[in-house]
$ cat structure_1.cif   # mmCIF, C-alpha atoms and all ligand atoms
data_my_file
#
loop_
_atom_site.label_atom_id
_atom_site.label_comp_id
_atom_site.auth_asym_id
_atom_site.auth_seq_id
_atom_site.Cartn_x
_atom_site.Cartn_y
_atom_site.Cartn_z
CA MET A 1 -19.14 9.57 -4.08
CA GLY A 2 -16.18 8.05 -2.30
CA ALA A 3 -13.68 10.79 -3.10
CA LYS A 4 -10.36 9.61 -1.73
CA LEU A 5 -7.13 11.33 -0.82
CA GLY A 6 -4.10 9.04 -1.09
CA LEU A 7 -0.87 9.59 0.85
CA VAL A 8 2.17 9.13 -1.38
CA GLY A 9 5.87 9.69 -0.87
CA LEU A 10 9.17 7.90 -0.39
CA PRO A 11 9.51 5.26 2.33
CA ASN A 12 9.99 6.79 5.80
CA ALA A 13 8.61 10.16 4.70
CA GLY A 14 6.04 9.88 7.50
CA LYS A 15 2.94 8.88 5.52
CA SER A 16 1.62 6.35 8.02
CA THR A 17 2.34 8.73 10.88
CA LEU A 18 0.33 11.46 9.19
CA PHE A 19 -2.39 8.96 8.29
CA ASN A 20 -2.64 7.95 11.95
CA ALA A 21 -2.86 11.56 13.03
CA LEU A 22 -5.53 12.31 10.44
CA THR A 23 -7.65 9.27 11.15
CA ALA A 24 -6.55 8.63 14.74
CA ALA A 25 -6.20 5.06 13.49
CA HIS A 26 -3.15 2.98 14.23
CA ALA A 27 -1.37 1.90 11.09
CA ALA A 28 2.01 0.32 11.76
CA VAL A 29 4.63 3.04 12.11
CA ALA A 30 8.25 2.02 12.17
CA PRO A 31 11.69 3.50 11.54
CA TYR A 32 12.44 1.07 8.74
CA PRO A 33 11.20 1.40 5.16
CA PHE A 34 8.23 -0.49 3.72
CA THR A 35 6.30 -0.71 6.96
CA THR A 36 3.12 -0.29 4.99
CA ILE A 37 2.48 -3.17 2.65
CA ASP A 38 -1.27 -3.35 2.55
CA GLN A 39 -3.03 -0.15 1.93
CA HIS A 40 -4.96 1.30 4.79
CA ALA A 41 -8.06 3.35 4.40
CA GLY A 42 -9.60 5.52 7.06
CA VAL A 43 -11.71 8.59 7.50
CA ALA A 44 -10.60 11.96 8.83
CA PRO A 45 -13.26 14.12 10.44
CA VAL A 46 -13.56 17.53 8.79
CA ALA A 47 -13.28 20.38 11.29
CA ASP A 48 -15.63 23.17 10.25
CA ARG A 49 -16.11 26.46 12.07
CA ARG A 50 -19.58 26.86 10.54
CA LEU A 51 -20.59 23.56 12.13
CA ASP A 52 -19.24 24.83 15.47
CA ALA A 53 -21.14 28.11 15.16
CA LEU A 54 -24.35 26.33 14.14
CA THR A 55 -23.97 24.05 17.15
CA THR A 56 -23.86 27.08 19.44
CA LEU A 57 -26.84 28.67 17.69
CA LEU A 58 -29.11 25.64 17.34
CA ALA A 59 -28.13 23.60 20.41
CA PRO A 60 -28.85 20.29 18.65
CA GLU A 61 -28.97 17.01 20.57
CA ARG A 62 -26.34 15.52 18.32
CA VAL A 63 -23.70 16.89 15.98
CA ILE A 64 -22.21 14.77 13.22
CA PRO A 65 -19.28 16.22 11.26
CA THR A 66 -18.50 15.07 7.77
CA SER A 67 -15.35 13.19 6.91
CA LEU A 68 -12.74 12.75 4.25
CA GLU A 69 -11.58 9.34 3.08
CA VAL A 70 -7.83 8.94 3.35
CA VAL A 71 -5.75 6.06 2.03
CA ASP A 72 -2.27 5.28 3.34
CA ILE A 73 -0.16 3.95 0.49
CA ALA A 74 3.17 2.16 0.74
CA GLY A 75 6.32 4.13 -0.09
CA LEU A 76 7.48 4.56 -3.67
CA VAL A 77 11.11 4.15 -4.63
CA LYS A 78 13.09 4.83 -7.75
CA GLY A 79 12.19 2.14 -10.27
CA ALA A 80 8.76 1.47 -8.75
CA HIS A 81 7.18 1.71 -12.21
CA ARG A 82 9.35 -1.28 -13.18
CA GLY A 83 8.40 -3.12 -10.00
CA GLU A 84 11.29 -2.02 -7.73
CA GLY A 85 10.56 -2.00 -4.00
CA LEU A 86 6.96 -2.99 -3.71
CA GLY A 87 6.62 -1.41 -7.12
CA ASN A 88 3.54 -1.85 -9.14
CA GLN A 89 1.50 -2.80 -6.13
CA PHE A 90 1.80 0.78 -4.81
CA LEU A 91 1.08 2.21 -8.16
CA SER A 92 -2.14 0.23 -8.40
CA HIS A 93 -3.17 1.54 -4.98
CA ILE A 94 -2.58 5.09 -6.13
CA ALA A 95 -4.78 4.36 -9.11
CA GLY A 96 -7.79 4.09 -6.81
CA VAL A 97 -7.56 7.59 -5.33
CA ASP A 98 -8.82 10.92 -6.66
CA ALA A 99 -6.10 13.23 -5.35
CA LEU A 100 -2.65 12.85 -3.82
CA LEU A 101 -1.29 14.09 -0.52
CA HIS A 102 2.41 13.97 -1.26
CA VAL A 103 4.31 13.67 2.03
CA VAL A 104 7.81 15.08 1.74
CA ARG A 105 10.42 14.36 4.34
CA CYS A 106 11.92 17.54 5.74
CA PHE A 107 12.79 16.17 9.19
CA GLU A 108 16.27 15.06 10.20
CA GLU A 109 16.29 11.95 12.35
CA SER A 110 19.37 9.79 12.57
CA HIS A 111 17.54 6.61 13.55
CA VAL A 112 15.06 6.87 10.68
CA ALA A 113 16.79 5.71 7.52
CA HIS A 114 16.38 7.89 4.44
CA PRO A 115 16.00 5.74 1.32
CA MET A 116 18.07 8.25 -0.65
CA GLY A 117 20.69 8.81 2.04
CA ALA A 118 19.90 12.34 3.21
CA VAL A 119 17.12 14.89 3.51
CA ASP A 120 16.59 16.62 0.17
CA PRO A 121 12.92 17.41 -0.40
CA LEU A 122 13.18 18.54 -4.02
CA ARG A 123 15.07 15.46 -5.12
CA ASP A 124 12.55 13.28 -3.28
CA ILE A 125 9.62 15.01 -4.93
CA GLU A 126 11.30 14.55 -8.28
CA VAL A 127 11.79 10.82 -7.67
CA VAL A 128 8.13 10.32 -6.80
CA ASN A 129 6.85 12.49 -9.63
CA ALA A 130 9.15 10.74 -12.09
CA GLU A 131 7.84 7.32 -11.06
CA LEU A 132 4.27 8.46 -11.53
CA MET A 133 5.11 9.83 -14.97
CA LEU A 134 7.07 6.75 -16.05
CA LYS A 135 4.15 4.58 -15.07
CA ASP A 136 1.85 6.89 -17.04
CA LEU A 137 4.12 6.68 -20.08
CA ASP A 138 3.85 2.92 -19.91
CA VAL A 139 0.06 3.10 -19.68
CA VAL A 140 -0.13 5.58 -22.57
CA GLU A 141 2.13 3.50 -24.81
CA ARG A 142 0.23 0.28 -24.23
CA ARG A 143 -3.07 1.98 -24.76
CA ARG A 144 -1.83 3.61 -27.94
CA GLU A 145 -0.86 0.22 -29.35
CA LYS A 146 -4.30 -1.11 -28.59
CA GLU A 147 -6.11 1.90 -30.06
CA ARG A 148 -3.97 1.81 -33.21
CA LYS A 149 -5.16 -1.71 -33.87
CA LEU A 150 -8.76 -0.63 -33.32
CA ALA A 151 -8.27 2.38 -35.61
CA LYS A 152 -7.02 0.10 -38.36
CA GLY A 153 -10.26 -1.82 -37.97
CA GLY A 154 -12.15 1.40 -38.68
CA ASP A 155 -12.97 2.48 -35.14
CA THR A 156 -13.40 6.28 -35.34
CA HIS A 157 -13.46 6.77 -31.58
CA ALA A 158 -10.00 5.21 -31.45
CA ALA A 159 -8.58 7.90 -33.74
CA ALA A 160 -9.69 10.68 -31.39
CA LEU A 161 -8.19 8.88 -28.44
CA ILE A 162 -4.88 8.31 -30.24
CA GLU A 163 -4.64 12.04 -30.79
CA GLN A 164 -5.06 12.59 -27.04
CA LEU A 165 -2.64 9.81 -26.19
CA ASP A 166 -0.03 11.40 -28.47
CA ARG A 167 -0.48 14.69 -26.66
CA TRP A 168 -0.13 13.07 -23.23
CA HIS A 169 2.85 11.10 -24.42
CA ALA A 170 4.65 14.22 -25.61
CA ALA A 171 4.01 15.96 -22.29
CA LEU A 172 5.20 13.01 -20.21
CA ALA A 173 8.26 12.47 -22.39
CA ALA A 174 9.12 16.13 -21.78
CA GLY A 175 8.76 15.63 -18.03
CA THR A 176 5.47 17.44 -17.61
CA PRO A 177 2.94 15.75 -15.35
CA ILE A 178 -0.54 15.50 -16.89
CA ARG A 179 -1.91 17.62 -14.06
CA GLY A 180 0.32 20.44 -15.31
CA LEU A 181 -1.45 20.58 -18.69
CA GLU A 182 -4.29 22.95 -19.37
CA LEU A 183 -6.98 20.35 -19.69
CA VAL A 184 -10.47 21.13 -20.82
CA PRO A 185 -12.88 18.55 -19.37
CA GLN A 186 -13.25 16.82 -22.77
CA ALA A 187 -9.49 16.25 -22.92
CA HIS A 188 -9.19 14.92 -19.39
CA PRO A 189 -7.83 11.35 -19.19
CA LYS A 190 -10.81 10.37 -17.03
CA THR A 191 -13.18 11.36 -19.82
CA PHE A 192 -11.48 8.70 -21.94
CA GLY A 193 -11.44 6.18 -19.13
CA VAL A 194 -7.64 6.39 -18.96
CA GLU A 195 -6.19 6.42 -15.47
CA LEU A 196 -3.07 8.57 -15.33
CA LEU A 197 -1.41 8.97 -11.95
CA SER A 198 0.36 12.22 -12.77
CA GLY A 199 -3.02 13.65 -13.75
CA LYS A 200 -4.29 13.61 -10.18
CA PRO A 201 -4.21 16.89 -8.27
CA VAL A 202 -1.54 17.12 -5.58
CA LEU A 203 -1.20 18.72 -2.19
CA TYR A 204 2.35 18.72 -0.80
CA ALA A 205 2.83 18.13 2.92
CA ALA A 206 6.26 19.15 4.17
CA ASN A 207 6.81 16.87 7.13
CA VAL A 208 9.08 18.73 9.51
CA GLY A 209 10.69 17.94 12.84
CA GLU A 210 9.33 19.23 16.12
CA GLY A 211 9.37 22.92 17.00
CA ALA A 212 8.82 26.26 15.32
CA GLU A 213 12.35 26.43 13.91
CA ALA A 214 11.85 23.25 11.92
CA ALA A 215 8.74 24.65 10.28
CA ALA A 216 10.63 27.79 9.26
CA ALA A 217 13.66 25.88 7.98
CA GLU A 218 15.03 26.05 4.49
CA PRO A 219 13.73 22.68 3.14
CA VAL A 220 10.18 23.90 3.76
CA ALA A 221 10.78 27.04 1.74
CA ARG A 222 11.97 24.86 -1.13
CA VAL A 223 8.85 22.71 -1.02
CA ARG A 224 6.67 25.81 -0.95
CA ALA A 225 8.49 27.35 -3.89
CA LEU A 226 8.17 24.16 -5.93
CA ALA A 227 4.46 23.90 -5.14
CA GLU A 228 4.01 27.50 -6.23
CA ARG A 229 5.80 26.88 -9.52
CA GLU A 230 3.47 23.95 -10.15
CA GLY A 231 0.37 25.88 -9.15
CA ALA A 232 -0.16 23.40 -6.31
CA ARG A 233 -0.63 23.99 -2.58
CA ALA A 234 1.70 23.05 0.23
CA ILE A 235 1.14 22.66 3.95
CA VAL A 236 3.64 22.19 6.75
CA CYS A 237 3.17 19.75 9.58
CA CYS A 238 5.06 17.69 12.07
CA ALA A 239 3.37 14.35 11.57
CA LYS A 240 5.00 12.79 14.61
CA LEU A 241 3.84 15.52 16.96
CA GLU A 242 0.36 15.58 15.42
CA ALA A 243 0.07 11.81 15.89
CA GLU A 244 1.05 12.18 19.54
CA LEU A 245 -1.30 15.10 20.10
CA VAL A 246 -4.39 13.23 18.88
CA GLU A 247 -3.80 10.63 21.56
CA LEU A 248 -3.93 13.18 24.40
CA GLU A 249 -6.73 14.61 26.52
CA PRO A 250 -7.42 18.30 25.78
CA ASP A 251 -5.50 19.64 28.82
CA ASP A 252 -2.41 17.58 28.09
CA ARG A 253 -2.67 18.44 24.43
CA ARG A 254 -2.66 22.15 25.19
CA ALA A 255 0.31 21.73 27.50
CA MET A 256 2.27 19.82 24.86
CA MET A 257 1.43 22.37 22.18
CA ARG A 258 2.66 25.15 24.46
CA GLU A 259 5.84 23.21 25.06
CA TRP A 260 6.52 23.09 21.32
CA GLY A 261 5.36 26.64 20.67
CA MET A 262 2.44 25.45 18.56
CA THR A 263 -0.65 27.62 18.31
CA GLU A 264 -2.77 25.20 16.34
CA SER A 265 -2.81 21.70 14.89
CA ALA A 266 -2.03 21.45 11.19
CA LEU A 267 -4.55 18.66 10.68
CA PRO A 268 -7.65 20.80 10.04
CA ALA A 269 -5.71 22.65 7.34
CA VAL A 270 -4.57 19.37 5.75
CA VAL A 271 -8.15 18.12 5.63
CA ARG A 272 -9.47 21.45 4.40
CA GLU A 273 -6.92 21.64 1.60
CA GLY A 274 -7.54 18.00 0.72
CA TYR A 275 -11.22 18.70 0.60
CA ALA A 276 -10.71 21.63 -1.76
CA LEU A 277 -8.40 19.52 -3.93
CA LEU A 278 -11.11 16.90 -4.30
CA ARG A 279 -13.57 19.64 -5.27
CA LEU A 280 -15.97 18.74 -2.49
CA VAL A 281 -18.52 20.94 -0.77
CA THR A 282 -20.27 20.65 2.58
CA PHE A 283 -23.95 21.15 3.29
CA PHE A 284 -25.76 20.89 6.61
CA THR A 285 -29.05 19.38 7.74
CA THR A 286 -30.79 20.00 11.06
CA ALA A 287 -33.69 17.53 11.02
CA SER A 288 -34.70 15.60 14.17
CA LYS A 289 -32.46 17.73 16.41
CA ILE A 290 -29.39 16.34 14.69
CA LEU A 291 -27.03 18.83 13.13
CA GLN A 292 -25.14 16.99 10.45
CA ALA A 293 -22.55 17.98 7.87
CA TRP A 294 -22.52 16.12 4.54
CA THR A 295 -20.12 15.96 1.63
CA VAL A 296 -20.94 16.09 -2.07
CA PRO A 297 -18.87 16.87 -5.16
CA ARG A 298 -19.03 20.49 -6.30
CA GLY A 299 -21.83 20.85 -8.82
CA THR A 300 -24.18 18.31 -7.19
CA LYS A 301 -27.87 19.10 -7.63
CA ALA A 302 -30.37 19.08 -4.77
CA PRO A 303 -32.02 15.68 -5.46
CA GLN A 304 -28.65 13.91 -5.61
CA ALA A 305 -27.59 15.66 -2.40
CA ALA A 306 -30.79 14.39 -0.76
CA GLY A 307 -29.86 10.94 -2.06
CA VAL A 308 -26.67 11.04 0.00
CA ILE A 309 -28.80 11.22 3.16
CA HIS A 310 -31.08 8.41 2.08
CA THR A 311 -31.10 6.67 -1.30
CA ASP A 312 -34.89 6.94 -1.59
CA PHE A 313 -34.77 10.71 -1.07
CA GLU A 314 -33.36 11.29 -4.54
CA ARG A 315 -36.45 9.83 -6.17
CA GLN A 316 -38.81 11.30 -3.58
CA PHE A 317 -37.31 14.79 -3.75
CA ILE A 318 -39.90 17.58 -4.00
CA ARG A 319 -38.16 20.75 -2.92
CA ALA A 320 -35.27 22.01 -0.87
CA GLU A 321 -35.52 24.82 1.62
CA VAL A 322 -32.13 26.47 1.61
CA ILE A 323 -30.27 29.08 3.60
CA PRO A 324 -26.51 29.68 3.63
CA ALA A 325 -25.05 28.91 7.08
CA GLU A 326 -23.55 32.41 7.25
CA THR A 327 -26.97 34.00 6.67
CA LEU A 328 -28.61 31.81 9.27
CA LEU A 329 -25.89 32.65 11.77
CA ARG A 330 -26.32 36.35 11.05
CA CYS A 331 -30.10 36.17 11.55
CA GLY A 332 -29.69 34.51 14.92
CA SER A 333 -32.47 31.97 14.46
CA GLU A 334 -34.36 30.05 11.83
CA ALA A 335 -37.58 31.87 12.76
CA ALA A 336 -35.91 35.23 12.19
CA ALA A 337 -34.51 34.08 8.85
CA ARG A 338 -37.91 32.83 7.81
CA SER A 339 -39.69 36.05 8.78
CA GLN A 340 -37.16 38.01 6.72
CA GLY A 341 -37.85 35.75 3.77
CA LEU A 342 -34.29 34.45 3.66
CA LEU A 343 -35.16 30.78 3.38
CA ARG A 344 -35.29 29.99 -0.33
CA LEU A 345 -37.32 27.26 -1.95
CA GLU A 346 -35.27 25.48 -4.57
CA GLY A 347 -36.16 22.79 -7.09
CA LYS A 348 -34.56 19.85 -8.84
CA GLU A 349 -32.06 21.93 -10.80
CA TYR A 350 -30.62 23.71 -7.78
CA VAL A 351 -26.86 23.23 -7.43
CA VAL A 352 -25.89 22.80 -3.78
CA GLN A 353 -23.49 25.49 -2.57
CA ASP A 354 -20.79 25.08 0.03
CA GLY A 355 -22.23 25.96 3.45
CA ASP A 356 -25.92 25.57 2.58
CA VAL A 357 -28.24 24.57 5.39
CA ILE A 358 -30.94 22.48 3.73
CA HIS A 359 -34.32 21.08 4.67
CA PHE A 360 -35.32 18.55 2.05
CA ARG A 361 -39.00 18.09 1.38
CA VAL A 362 -39.58 14.60 0.17
CA GLY A 363 -42.71 12.72 -0.86
CA ALA A 364 -43.67 9.13 -0.28
N1 LIG B 401 11.37 13.16 14.15
C1 LIG B 401 10.35 12.86 13.35
N2 LIG B 401 10.16 11.59 13.00
C2 LIG B 401 9.12 11.30 12.20
C3 LIG B 401 8.23 12.30 11.72
N3 LIG B 401 7.29 11.71 10.93
C4 LIG B 401 7.59 10.38 10.94
N4 LIG B 401 8.69 10.14 11.69
C5 LIG B 401 9.31 8.83 11.97
O1 LIG B 401 9.74 8.27 10.75
C6 LIG B 401 9.57 6.86 10.77
C7 LIG B 401 8.79 6.42 9.53
O2 LIG B 401 7.47 6.93 9.59
P1 LIG B 401 6.26 6.22 8.82
O3 LIG B 401 5.07 7.07 9.08
O4 LIG B 401 6.20 4.78 9.15
O5 LIG B 401 6.76 6.42 7.30
P2 LIG B 401 6.06 5.95 5.94
O6 LIG B 401 6.20 7.09 4.99
O7 LIG B 401 4.69 5.48 6.21
O8 LIG B 401 7.03 4.78 5.49
P3 LIG B 401 6.70 3.47 4.57
O9 LIG B 401 5.39 2.92 5.00
O10 LIG B 401 7.85 2.61 4.86
O11 LIG B 401 6.69 3.97 3.16
C8 LIG B 401 8.87 6.53 12.09
O12 LIG B 401 9.85 6.11 13.01
C9 LIG B 401 8.29 7.85 12.50
O13 LIG B 401 8.16 7.95 13.91
C10 LIG B 401 8.44 13.65 12.11
O14 LIG B 401 7.70 14.57 11.77
N5 LIG B 401 9.53 13.88 12.93
MG MG B 402 3.81 3.64 5.91
#

$ encode --input "structure_1.cif" --output "structure tokens" --more "lines below"
Ligand SMILES: Nc1nc2c(ncn2[C@@H]2O[C@H](COP(=O)(O)OP(=O)(O)OP(=O)(O)O)[C@@H](O)[C@H]2O)c(=O)[nH]1
Ligand SMILES: [Mg+2]
Amino acid sequence: MGAKLGLVGLPNAGKSTLFNALTAAHAAVAPYPFTTIDQHAGVAPVADRRLDALTTLLAPERVIPTSLEVVDIAGLVKGAHRGEGLGNQFLSHIAGVDALLHVVRCFEESHVAHPMGAVDPLRDIEVVNAELMLKDLDVVERRREKERKLAKGGDTHAAALIEQLDRWHAALAAGTPIRGLELVPQAHPKTFGVELLSGKPVLYAANVGEGAEAAAAEPVARVRALAEREGARAIVCCAKLEAELVELEPDDRRAMMREWGMTESALPAVVREGYALLRLVTFFTTASKILQAWTVPRGTKAPQAAGVIHTDFERQFIRAEVIPAETLLRCGSEAAARSQGLLRLEGKEYVVQDGDVIHFRVGA
């Protein structure tokens, strides 16, 4: 599996701060650019109200939430595709992730330098997107050269790929990110083993200053409008406050949230949106008095889902006993669900659905 969400953005946009808040890890945070040189990977627990409700219903001895892998990437600057700043190094880090969490600076802070001089979220987004596309153009051009040589040698597969590469090239040259194209799965760069950064799905995170006014300010509206035009999603957060809140005990946290007029943390929404972007689903198991949430890509079949719990289970899979969490919660108990015939027996071809509670029956 290993679906990863990578934090991208200009230096000092607040990526490491948000990464820390999400993972409660402690990446170096500093008011000068390029604090992050090595990439940092961490996991963010996925808050899930179904897991909370199942905990209340089943009173398990242990509860294990699922998590999302997050990678903190160093800031991109104009010219990164040519190796400016820490250049290509960042771009190669981005290459390893499946979706991008694009952190956009919307906060004003005089002691935190802005690499472009002043807060201007749309320009910043454009700079980052342009770097991704320029890097992609480079990749497409090199690959096209290589495939043309192969095609001359009579490679028929190469001809089909060149056609795709031409299409991607035209889009990129016109300033359209690959993710903005209507791509059927067969035409997806990944299908051809071509890694294009602008082809990765994006979630924008408008990083605002503290307080309700900041979240309602004009830069945020601009980020939202841009996301909408692109058919992407945007969330608003104050990374700095979130990073401070995760360090506090519940009572102090509530007090601080009250102080800033916050009703809820933005982190669960960030993780939830990231999760959706990565096309992941959650299923639950309740064996041995442990209630556990698991993550699989959408479309995963029951034996492969069992294999996530234990590698041998995929081979040993016999059947899955399945009930949607919502149905189980409505019934009030597993016994009640069973007596109403609501536990389904599913076989090897069953595609796991988000929210399924599953008992796997495995052989020796
Ligand atoms: N006021 C305010 N400051 C913030 C916020 N988010 C981050 N900062 C500050 O901005 C500075 C840079 O934050 P980082 O998280 O290190 O930024 P980065 O995007 O990881 O930067 P690079 O690693 O250099 O690319 C730090 O001093 C943070 O405390 C915010 O929401 N509000
Ligand atoms: Mg950083």

$ axis_aligned_box --input "structure_1.cif" --around "region 185-198 of chain A" --padding-each-side "8 Å" --output "JSON"
{"center_x": -6.4, "center_y": 12.4, "center_z": -17.4, "size_x": 29.6, "size_y": 28.4, "size_z": 27.0}

$ residues_around --input "structure_1.cif" --residues "Arg319 (chain A)" --least-positions-apart "6" --cutoff "8 Å" --atoms "only C-alpha atoms" --output "list in words"
Leu345, Glu346, Gly347, Lys348, Phe360, Arg361 and Val362 of chain A

$ residues_near_point --input "structure_1.cif" --point "(-29.9, 11.2, 0.5)" --cutoff "12 Å" --atoms "only C-alpha atoms" --output "list in words"
Met1, Phe283, Thr285, Trp294, Thr295, Val296, Thr300, Lys301, Ala302, Pro303, Gln304, Ala305, Ala306, Gly307, Val308, Ile309, His310, Thr311, Asp312, Phe313, Glu314, Arg315, Gln316, Phe317, Ile358, His359, Phe360, Arg361 and Val362 of chain A

$ write_last_selection --input "structure_1.cif" --atoms "C-alpha atoms" --output "JSON list (two decimals), in the coordinates of the input"
[["chain", "number", "residue", "atom", "x", "y", "z"],
["A", 1, "MET", "CA", -19.14, 9.57, -4.08],
["A", 283, "PHE", "CA", -23.95, 21.15, 3.29],
["A", 285, "THR", "CA", -29.05, 19.38, 7.74],
["A", 294, "TRP", "CA", -22.52, 16.12, 4.54],
["A", 295, "THR", "CA", -20.12, 15.96, 1.63],
["A", 296, "VAL", "CA", -20.94, 16.09, -2.07],
["A", 300, "THR", "CA", -24.18, 18.31, -7.19],
["A", 301, "LYS", "CA", -27.87, 19.10, -7.63],
["A", 302, "ALA", "CA", -30.37, 19.08, -4.77],
["A", 303, "PRO", "CA", -32.02, 15.68, -5.46],
["A", 304, "GLN", "CA", -28.65, 13.91, -5.61],
["A", 305, "ALA", "CA", -27.59, 15.66, -2.40],
["A", 306, "ALA", "CA", -30.79, 14.39, -0.76],
["A", 307, "GLY", "CA", -29.86, 10.94, -2.06],
["A", 308, "VAL", "CA", -26.67, 11.04, 0.00],
["A", 309, "ILE", "CA", -28.80, 11.22, 3.16],
["A", 310, "HIS", "CA", -31.08, 8.41, 2.08],
["A", 311, "THR", "CA", -31.10, 6.67, -1.30],
["A", 312, "ASP", "CA", -34.89, 6.94, -1.59],
["A", 313, "PHE", "CA", -34.77, 10.71, -1.07],
["A", 314, "GLU", "CA", -33.36, 11.29, -4.54],
["A", 315, "ARG", "CA", -36.45, 9.83, -6.17],
["A", 316, "GLN", "CA", -38.81, 11.30, -3.58],
["A", 317, "PHE", "CA", -37.31, 14.79, -3.75],
["A", 358, "ILE", "CA", -30.94, 22.48, 3.73],
["A", 359, "HIS", "CA", -34.32, 21.08, 4.67],
["A", 360, "PHE", "CA", -35.32, 18.55, 2.05],
["A", 361, "ARG", "CA", -39.00, 18.09, 1.38],
["A", 362, "VAL", "CA", -39.58, 14.60, 0.17]]

$ closest_residue --input "structure_1.cif" --among "A:Leu22, A:Leu197, A:Val119, A:Ala74" --to "Ser265 (chain A)" --atoms "only C-alpha atoms"
A:Leu22

$ atom_distance --input "structure_1.cif" --atom1 "CA of Asp354 (chain A)" --atom2 "CA of Ile290 (chain A)"
19.1 Å

$ residues_around --input "structure_1.cif" --residues "Arg233 (chain A)" --least-positions-apart "5" --cutoff "12 Å" --atoms "all atoms listed in the file" --output "MDAnalysis selection string"
chainID A and resid 100:102 201:206 223:228 269:270 272:274 276:277

$ atom_distance --input "structure_1.cif" --atom1 "CA of Leu76 (chain A)" --atom2 "atom P1 of ligand LIG 401 (chain B)"
12.7 Å

$ closest_residue --input "structure_1.cif" --among "A:Ala95, A:Glu242, A:Leu10, A:Val194" --to "Glu126 (chain A)" --atoms "only C-alpha atoms"
A:Leu10

$ build_atoms --input "structure_1.cif" --residues "region 142-155 of chain A" --atoms "N, CA and C atoms" --output "mmCIF file, in the coordinates of the input"
data_model
loop_
_atom_site.group_PDB
_atom_site.id
_atom_site.type_symbol
_atom_site.label_atom_id
_atom_site.label_comp_id
_atom_site.auth_asym_id
_atom_site.auth_seq_id
_atom_site.Cartn_x
_atom_site.Cartn_y
_atom_site.Cartn_z
ATOM 1 N N ARG A 142 1.013 1.515 -24.034
ATOM 2 C CA ARG A 142 0.230 0.280 -24.230
ATOM 3 C C ARG A 142 -1.134 0.588 -24.828
ATOM 4 N N ARG A 143 -1.737 1.640 -24.289
ATOM 5 C CA ARG A 143 -3.070 1.980 -24.760
ATOM 6 C C ARG A 143 -3.038 2.422 -26.220
ATOM 7 N N ARG A 144 -1.962 3.117 -26.573
ATOM 8 C CA ARG A 144 -1.830 3.610 -27.940
ATOM 9 C C ARG A 144 -1.735 2.445 -28.919
ATOM 10 N N GLU A 145 -0.968 1.432 -28.520
ATOM 11 C CA GLU A 145 -0.860 0.220 -29.350
ATOM 12 C C GLU A 145 -2.240 -0.372 -29.617
ATOM 13 N N LYS A 146 -2.978 -0.482 -28.524
ATOM 14 C CA LYS A 146 -4.300 -1.110 -28.590
ATOM 15 C C LYS A 146 -5.240 -0.290 -29.493
ATOM 16 N N GLU A 147 -5.216 1.026 -29.299
ATOM 17 C CA GLU A 147 -6.110 1.900 -30.060
ATOM 18 C C GLU A 147 -5.723 1.930 -31.541
ATOM 19 N N ARG A 148 -4.412 1.815 -31.809
ATOM 20 C CA ARG A 148 -3.970 1.810 -33.210
ATOM 21 C C ARG A 148 -4.558 0.612 -33.951
ATOM 22 N N LYS A 149 -4.579 -0.512 -33.259
ATOM 23 C CA LYS A 149 -5.160 -1.710 -33.870
ATOM 24 C C LYS A 149 -6.642 -1.487 -34.144
ATOM 25 N N LEU A 150 -7.323 -0.892 -33.160
ATOM 26 C CA LEU A 150 -8.760 -0.630 -33.320
ATOM 27 C C LEU A 150 -9.005 0.353 -34.469
ATOM 28 N N ALA A 151 -8.115 1.366 -34.563
ATOM 29 C CA ALA A 151 -8.270 2.380 -35.610
ATOM 30 C C ALA A 151 -8.136 1.747 -36.984
ATOM 31 N N LYS A 152 -7.202 0.812 -37.088
ATOM 32 C CA LYS A 152 -7.020 0.100 -38.360
ATOM 33 C C LYS A 152 -8.291 -0.647 -38.747
ATOM 34 N N GLY A 153 -8.997 -1.110 -37.740
ATOM 35 C CA GLY A 153 -10.260 -1.820 -37.970
ATOM 36 C C GLY A 153 -11.420 -0.876 -38.240
ATOM 37 N N GLY A 154 -11.122 0.437 -38.311
ATOM 38 C CA GLY A 154 -12.150 1.400 -38.680
ATOM 39 C C GLY A 154 -12.877 2.048 -37.507
ATOM 40 N N ASP A 155 -12.348 1.881 -36.312
ATOM 41 C CA ASP A 155 -12.970 2.480 -35.140
ATOM 42 C C ASP A 155 -12.648 3.988 -35.102
#
